[in-house]
>>> print(open('run_39.pdb').read())   # PDB, C-alpha atoms, pLDDT in the B column
MODEL        1
ATOM      1  CA  MET A  26      -0.080   8.796  15.473  1.00 66.00           C
ATOM      2  CA  THR A  27      -3.769   9.375  15.924  1.00 68.00           C
ATOM      3  CA  ASN A  28      -6.759   8.317  13.833  1.00 82.00           C
ATOM      4  CA  ILE A  29      -5.446   4.823  12.880  1.00 91.00           C
ATOM      5  CA  LEU A  30      -8.521   2.710  12.092  1.00 93.00           C
ATOM      6  CA  GLY A  31      -6.772  -0.599  11.391  1.00 93.00           C
ATOM      7  CA  VAL A  32      -4.675  -2.365   8.787  1.00 94.00           C
ATOM      8  CA  ASP A  33      -5.988  -1.456   5.338  1.00 94.00           C
ATOM      9  CA  HIS A  34      -3.853  -3.929   3.382  1.00 95.00           C
ATOM     10  CA  ILE A  35      -0.514  -5.666   3.106  1.00 97.00           C
ATOM     11  CA  ALA A  36       1.354  -5.081  -0.157  1.00 97.00           C
ATOM     12  CA  ILE A  37       3.494  -7.654  -1.926  1.00 98.00           C
ATOM     13  CA  ALA A  38       5.922  -6.572  -4.674  1.00 98.00           C
ATOM     14  CA  VAL A  39       5.782  -8.937  -7.658  1.00 98.00           C
ATOM     15  CA  GLU A  40       7.560  -9.254 -11.003  1.00 98.00           C
ATOM     16  CA  ASP A  41       4.540 -10.508 -12.987  1.00 98.00           C
ATOM     17  CA  LEU A  42       1.048  -9.493 -11.917  1.00 98.00           C
ATOM     18  CA  ASP A  43      -0.746 -12.178 -13.935  1.00 98.00           C
ATOM     19  CA  VAL A  44       1.404 -14.979 -12.510  1.00 98.00           C
ATOM     20  CA  ALA A  45       1.114 -13.643  -8.954  1.00 98.00           C
ATOM     21  CA  THR A  46      -2.670 -13.226  -9.243  1.00 98.00           C
ATOM     22  CA  LYS A  47      -2.983 -16.810 -10.432  1.00 97.00           C
ATOM     23  CA  GLN A  48      -0.763 -18.079  -7.585  1.00 97.00           C
ATOM     24  CA  TRP A  49      -2.659 -16.190  -4.897  1.00 98.00           C
ATOM     25  CA  SER A  50      -6.077 -17.132  -6.287  1.00 97.00           C
ATOM     26  CA  GLU A  51      -5.680 -20.675  -7.629  1.00 96.00           C
ATOM     27  CA  GLN A  52      -3.027 -21.984  -5.244  1.00 96.00           C
ATOM     28  CA  LEU A  53      -3.935 -20.115  -2.067  1.00 96.00           C
ATOM     29  CA  GLY A  54      -7.654 -19.556  -2.586  1.00 97.00           C
ATOM     30  CA  LEU A  55      -7.805 -15.759  -2.345  1.00 97.00           C
ATOM     31  CA  ARG A  56     -10.485 -13.916  -4.309  1.00 97.00           C
ATOM     32  CA  ALA A  57      -9.313 -11.402  -6.900  1.00 96.00           C
ATOM     33  CA  GLY A  58     -10.736  -7.893  -6.595  1.00 94.00           C
ATOM     34  CA  GLY A  59     -10.050  -4.701  -8.501  1.00 92.00           C
ATOM     35  CA  ARG A  60      -7.026  -4.206 -10.724  1.00 96.00           C
ATOM     36  CA  GLU A  61      -5.738  -0.732 -11.496  1.00 94.00           C
ATOM     37  CA  VAL A  62      -2.804   1.130 -13.019  1.00 95.00           C
ATOM     38  CA  VAL A  63      -1.475   3.960 -10.833  1.00 91.00           C
ATOM     39  CA  GLU A  64       0.547   6.006 -13.331  1.00 91.00           C
ATOM     40  CA  GLU A  65       1.862   8.460 -10.723  1.00 87.00           C
ATOM     41  CA  GLN A  66       3.609   5.620  -8.880  1.00 89.00           C
ATOM     42  CA  GLY A  67       4.514   3.607 -11.985  1.00 94.00           C
ATOM     43  CA  VAL A  68       2.678   0.479 -10.821  1.00 96.00           C
ATOM     44  CA  GLU A  69      -0.237  -1.779 -11.565  1.00 97.00           C
ATOM     45  CA  VAL A  70      -1.978  -3.230  -8.528  1.00 96.00           C
ATOM     46  CA  GLN A  71      -4.251  -6.219  -8.041  1.00 97.00           C
ATOM     47  CA  MET A  72      -6.278  -6.395  -4.838  1.00 96.00           C
ATOM     48  CA  MET A  73      -6.760  -9.890  -3.423  1.00 97.00           C
ATOM     49  CA  TYR A  74      -9.111 -10.899  -0.606  1.00 96.00           C
ATOM     50  CA  ALA A  75      -8.598 -13.465   2.146  1.00 95.00           C
ATOM     51  CA  GLY A  76     -11.967 -13.085   3.836  1.00 92.00           C
ATOM     52  CA  GLU A  77     -12.002  -9.445   4.938  1.00 89.00           C
ATOM     53  CA  THR A  78      -8.204  -9.119   4.775  1.00 93.00           C
ATOM     54  CA  ARG A  79      -6.795  -7.391   1.725  1.00 94.00           C
ATOM     55  CA  ILE A  80      -3.495  -8.244   0.049  1.00 97.00           C
ATOM     56  CA  GLU A  81      -2.334  -5.842  -2.651  1.00 96.00           C
ATOM     57  CA  LEU A  82      -0.078  -7.282  -5.341  1.00 98.00           C
ATOM     58  CA  VAL A  83       2.079  -4.454  -6.715  1.00 97.00           C
ATOM     59  CA  CYS A  84       3.954  -4.695 -10.017  1.00 98.00           C
ATOM     60  CA  PRO A  85       6.104  -1.975 -11.621  1.00 98.00           C
ATOM     61  CA  ILE A  86       5.123  -0.743 -15.082  1.00 97.00           C
ATOM     62  CA  SER A  87       8.118   1.534 -15.596  1.00 93.00           C
ATOM     63  CA  PRO A  88      11.852   1.272 -14.936  1.00 94.00           C
ATOM     64  CA  SER A  89      11.719   4.409 -12.766  1.00 93.00           C
ATOM     65  CA  SER A  90       9.038   3.028 -10.437  1.00 94.00           C
ATOM     66  CA  PRO A  91      10.083   2.832  -6.773  1.00 93.00           C
ATOM     67  CA  VAL A  92       8.703  -0.732  -6.805  1.00 96.00           C
ATOM     68  CA  ARG A  93      11.059  -1.593  -9.704  1.00 96.00           C
ATOM     69  CA  LYS A  94      13.969  -0.292  -7.622  1.00 95.00           C
ATOM     70  CA  TYR A  95      12.718  -2.295  -4.630  1.00 95.00           C
ATOM     71  CA  LEU A  96      12.496  -5.507  -6.689  1.00 97.00           C
ATOM     72  CA  ASP A  97      15.976  -4.953  -8.153  1.00 97.00           C
ATOM     73  CA  LYS A  98      17.416  -4.493  -4.664  1.00 96.00           C
ATOM     74  CA  LYS A  99      15.417  -6.983  -2.572  1.00 95.00           C
ATOM     75  CA  GLY A 100      13.440  -9.191  -4.950  1.00 97.00           C
ATOM     76  CA  PRO A 101       9.751 -10.091  -4.667  1.00 97.00           C
ATOM     77  CA  GLY A 102       8.100 -10.065  -1.259  1.00 97.00           C
ATOM     78  CA  LEU A 103       6.573  -7.877   1.414  1.00 96.00           C
ATOM     79  CA  HIS A 104       6.679  -4.274   0.220  1.00 97.00           C
ATOM     80  CA  HIS A 105       4.648  -2.318   2.780  1.00 97.00           C
ATOM     81  CA  VAL A 106       1.952  -2.377   5.423  1.00 97.00           C
ATOM     82  CA  ALA A 107      -0.904   0.070   4.900  1.00 96.00           C
ATOM     83  CA  LEU A 108      -2.730   1.597   7.833  1.00 96.00           C
ATOM     84  CA  ALA A 109      -6.223   2.964   7.335  1.00 95.00           C
ATOM     85  CA  VAL A 110      -6.646   6.511   8.627  1.00 95.00           C
ATOM     86  CA  GLU A 111      -9.702   8.695   8.891  1.00 94.00           C
ATOM     87  CA  ASP A 112      -7.871  11.772   7.585  1.00 95.00           C
ATOM     88  CA  CYS A 113      -4.545  11.376   5.756  1.00 96.00           C
ATOM     89  CA  ALA A 114      -3.573  15.056   6.038  1.00 95.00           C
ATOM     90  CA  ALA A 115      -4.262  15.045   9.786  1.00 95.00           C
ATOM     91  CA  ALA A 116      -2.256  11.823  10.217  1.00 95.00           C
ATOM     92  CA  ILE A 117       0.683  13.403   8.369  1.00 96.00           C
ATOM     93  CA  GLU A 118       0.544  16.526  10.552  1.00 96.00           C
ATOM     94  CA  ASP A 119       0.329  14.416  13.701  1.00 95.00           C
ATOM     95  CA  ALA A 120       3.317  12.328  12.588  1.00 95.00           C
ATOM     96  CA  LYS A 121       5.352  15.439  11.704  1.00 95.00           C
ATOM     97  CA  GLY A 122       4.512  16.932  15.095  1.00 94.00           C
ATOM     98  CA  LYS A 123       5.943  13.820  16.737  1.00 94.00           C
ATOM     99  CA  GLY A 124       9.136  13.947  14.688  1.00 95.00           C
ATOM    100  CA  VAL A 125       8.246  10.956  12.503  1.00 96.00           C
ATOM    101  CA  ARG A 126      10.295  10.792   9.305  1.00 97.00           C
ATOM    102  CA  LEU A 127       7.996  10.830   6.260  1.00 97.00           C
ATOM    103  CA  ILE A 128       8.437  10.208   2.565  1.00 96.00           C
ATOM    104  CA  ASP A 129       5.301  12.209   1.730  1.00 96.00           C
ATOM    105  CA  GLU A 130       4.487  15.412   3.559  1.00 93.00           C
ATOM    106  CA  GLN A 131       1.229  15.911   1.656  1.00 96.00           C
ATOM    107  CA  PRO A 132      -1.409  13.312   0.726  1.00 96.00           C
ATOM    108  CA  ARG A 133      -1.373  12.104  -2.868  1.00 93.00           C
ATOM    109  CA  GLY A 134      -3.675   9.985  -4.972  1.00 91.00           C
ATOM    110  CA  GLY A 135      -3.479   6.235  -4.564  1.00 90.00           C
ATOM    111  CA  ALA A 136      -5.175   3.208  -6.066  1.00 87.00           C
ATOM    112  CA  HIS A 137      -8.922   2.672  -5.675  1.00 84.00           C
ATOM    113  CA  SER A 138      -9.766   6.375  -5.109  1.00 87.00           C
ATOM    114  CA  THR A 139      -7.663   6.732  -1.962  1.00 92.00           C
ATOM    115  CA  ARG A 140      -5.466   9.480  -0.526  1.00 95.00           C
ATOM    116  CA  ILE A 141      -2.128   8.127   0.657  1.00 95.00           C
ATOM    117  CA  ALA A 142       1.214   9.051   2.187  1.00 97.00           C
ATOM    118  CA  PHE A 143       4.237   6.951   3.061  1.00 96.00           C
ATOM    119  CA  VAL A 144       6.115   6.920   6.350  1.00 97.00           C
ATOM    120  CA  HIS A 145       9.851   6.324   5.925  1.00 96.00           C
ATOM    121  CA  PRO A 146      10.973   2.825   6.967  1.00 96.00           C
ATOM    122  CA  ALA A 147      13.532   4.385   9.319  1.00 96.00           C
ATOM    123  CA  ALA A 148      10.614   5.564  11.479  1.00 96.00           C
ATOM    124  CA  THR A 149       9.011   2.122  11.712  1.00 94.00           C
ATOM    125  CA  GLY A 150      11.789  -0.360  12.337  1.00 95.00           C
ATOM    126  CA  GLY A 151      12.538  -0.933   8.668  1.00 95.00           C
ATOM    127  CA  VAL A 152       8.950  -1.421   7.442  1.00 96.00           C
ATOM    128  CA  LEU A 153       7.663   0.900   4.726  1.00 96.00           C
ATOM    129  CA  THR A 154       4.273   2.068   6.008  1.00 97.00           C
ATOM    130  CA  GLU A 155       1.486   3.629   3.984  1.00 96.00           C
ATOM    131  CA  LEU A 156      -1.275   5.804   5.421  1.00 96.00           C
ATOM    132  CA  VAL A 157      -4.522   5.274   3.480  1.00 96.00           C
ATOM    133  CA  GLU A 158      -7.691   7.363   3.571  1.00 95.00           C
ATOM    134  CA  GLY A 159     -10.802   6.216   1.737  1.00 90.00           C
ATOM    135  CA  GLY A 160     -11.307   3.476  -0.791  1.00 72.00           C
ATOM    136  CA  GLU A 161     -12.670   0.050   0.106  1.00 68.00           C
ATOM    137  CA  GLY A 162     -10.900  -0.264   3.432  1.00 61.00           C
ATOM    138  CA  PHE A 163     -11.869   0.967   6.852  1.00 55.00           C
ATOM    139  CA  THR A 164     -14.186   3.873   7.492  1.00 47.00           C
ATOM    140  CA  SER A 165     -14.729   5.724  10.721  1.00 45.00           C
ATOM    141  CA  ASP A 166     -17.773   3.505  11.372  1.00 45.00           C
ATOM    142  CA  SER A 167     -15.968   0.165  10.675  1.00 41.00           C
TER
ENDMDL
END
>>> encode(input="run_39.pdb", output="structure tokens")
Amino acid sequence: MTNILGVDHIAIAVEDLDVATKQWSEQLGLRAGGREVVEEQGVEVQMMYAGETRIELVCPISPSSPVRKYLDKKGPGLHHVALAVEDCAAAIEDAKGKGVRLIDEQPRGGAHSTRIAFVHPAATGGVLTELVEGGEGFTSDS
């Protein structure tokens, strides 16, 4: 896939966002950033910072959330790796052209004013992968 700028963030699925935020900040020393509800995905997210590295804590807010289903099946832990892309639509088209299995075939709105799409874990050795355009992460001049 072309136009990968770097790792945007690593997402951790959690049962309780307040408890997880406290653990990651007070026990591990990460700095808390923005917190946001993403209704479309049925989650609330808390961005944490370890220097320049971003960890996104993701907590379901509805029983139909894919993150709720993930937690019920696998429990808390690594949910996905997000790759920063210059152009999400172009990255999707490039992936489709290479036969990559996708969950999203069109960009959709994500947290922190981003455009996102998910690559199916079957295409990446079992790791759910998010393509992220915009927001606080990488830019083409990073």
>>> closest_atom_pairs(input="run_39.pdb", of="region 55-80 of chain A", to="region 129-138 of chain A", cutoff="10 Å", atoms="only C-alpha atoms", output="Markdown table")
| residue | atom | partner | partner_atom | distance |
| --- | --- | --- | --- | --- |
| A:Gly59 | CA | A:His137 | CA | 8.0 |
| A:Arg60 | CA | A:His137 | CA | 8.7 |
| A:Glu61 | CA | A:Ala136 | CA | 6.7 |
| A:Val62 | CA | A:Ala136 | CA | 7.6 |
| A:Val63 | CA | A:Ala136 | CA | 6.1 |
| A:Glu64 | CA | A:Gly135 | CA | 9.6 |
| A:Glu65 | CA | A:Gly134 | CA | 8.1 |
| A:Gln66 | CA | A:Gly135 | CA | 8.3 |
| A:Val68 | CA | A:Ala136 | CA | 9.6 |
| A:Glu69 | CA | A:Ala136 | CA | 8.9 |
| A:Val70 | CA | A:Ala136 | CA | 7.6 |
| A:Gln71 | CA | A:Ala136 | CA | 9.7 |
| A:Met72 | CA | A:His137 | CA | 9.5 |
>>> resolve_selection(input="run_39.pdb", expression="the PyMOL selection byres ((chain A and resi 74-78) around 10)", output="list in words")
Val32, Asp33, His34, Ile35, Trp49, Ser50, Leu53, Gly54, Leu55, Arg56, Ala57, Gly58, Met72, Met73, Arg79, Ile80, Glu81 and Gly162 of chain A
>>> write_last_selection(input="run_39.pdb", atoms="C-alpha atoms", output="compact mmCIF listing (two decimals), in the coordinates of the input")
# COMPACT_ATOMS: atom_id res chain seq x y z
CA VAL A 32 -4.68 -2.37 8.79
CA ASP A 33 -5.99 -1.46 5.34
CA HIS A 34 -3.85 -3.93 3.38
CA ILE A 35 -0.51 -5.67 3.11
CA TRP A 49 -2.66 -16.19 -4.90
CA SER A 50 -6.08 -17.13 -6.29
CA LEU A 53 -3.94 -20.11 -2.07
CA GLY A 54 -7.65 -19.56 -2.59
CA LEU A 55 -7.80 -15.76 -2.35
CA ARG A 56 -10.48 -13.92 -4.31
CA ALA A 57 -9.31 -11.40 -6.90
CA GLY A 58 -10.74 -7.89 -6.60
CA MET A 72 -6.28 -6.40 -4.84
CA MET A 73 -6.76 -9.89 -3.42
CA ARG A 79 -6.80 -7.39 1.72
CA ILE A 80 -3.50 -8.24 0.05
CA GLU A 81 -2.33 -5.84 -2.65
CA GLY A 162 -10.90 -0.26 3.43
>>> resolve_selection(input="run_39.pdb", expression="the PyMOL selection byres ((chain A and resi 89-94) around 7)", output="VMD selection string")
chain A and resid 38 66 to 68 84 to 85 87 to 88 95 to 98
>>> closest_residue(input="run_39.pdb", among="A:His105, A:Lys99, A:Lys47, A:Lys123", to="Ala142 (chain A)", atoms="only C-alpha atoms")
A:His105
>>> resolve_selection(input="run_39.pdb", expression="the PyMOL selection byres ((chain A and resi 120) around 12)", output="list in words")
Met26, Thr27, Asn28, Ile29, Cys113, Ala114, Ala115, Ala116, Ile117, Glu118, Asp119, Lys121, Gly122, Lys123, Gly124, Val125, Arg126, Leu127, Ile128, Asp129, Glu130, Gln131, Ala142, Phe143, Val144, His145, Ala148, Thr149 and Leu156 of chain A
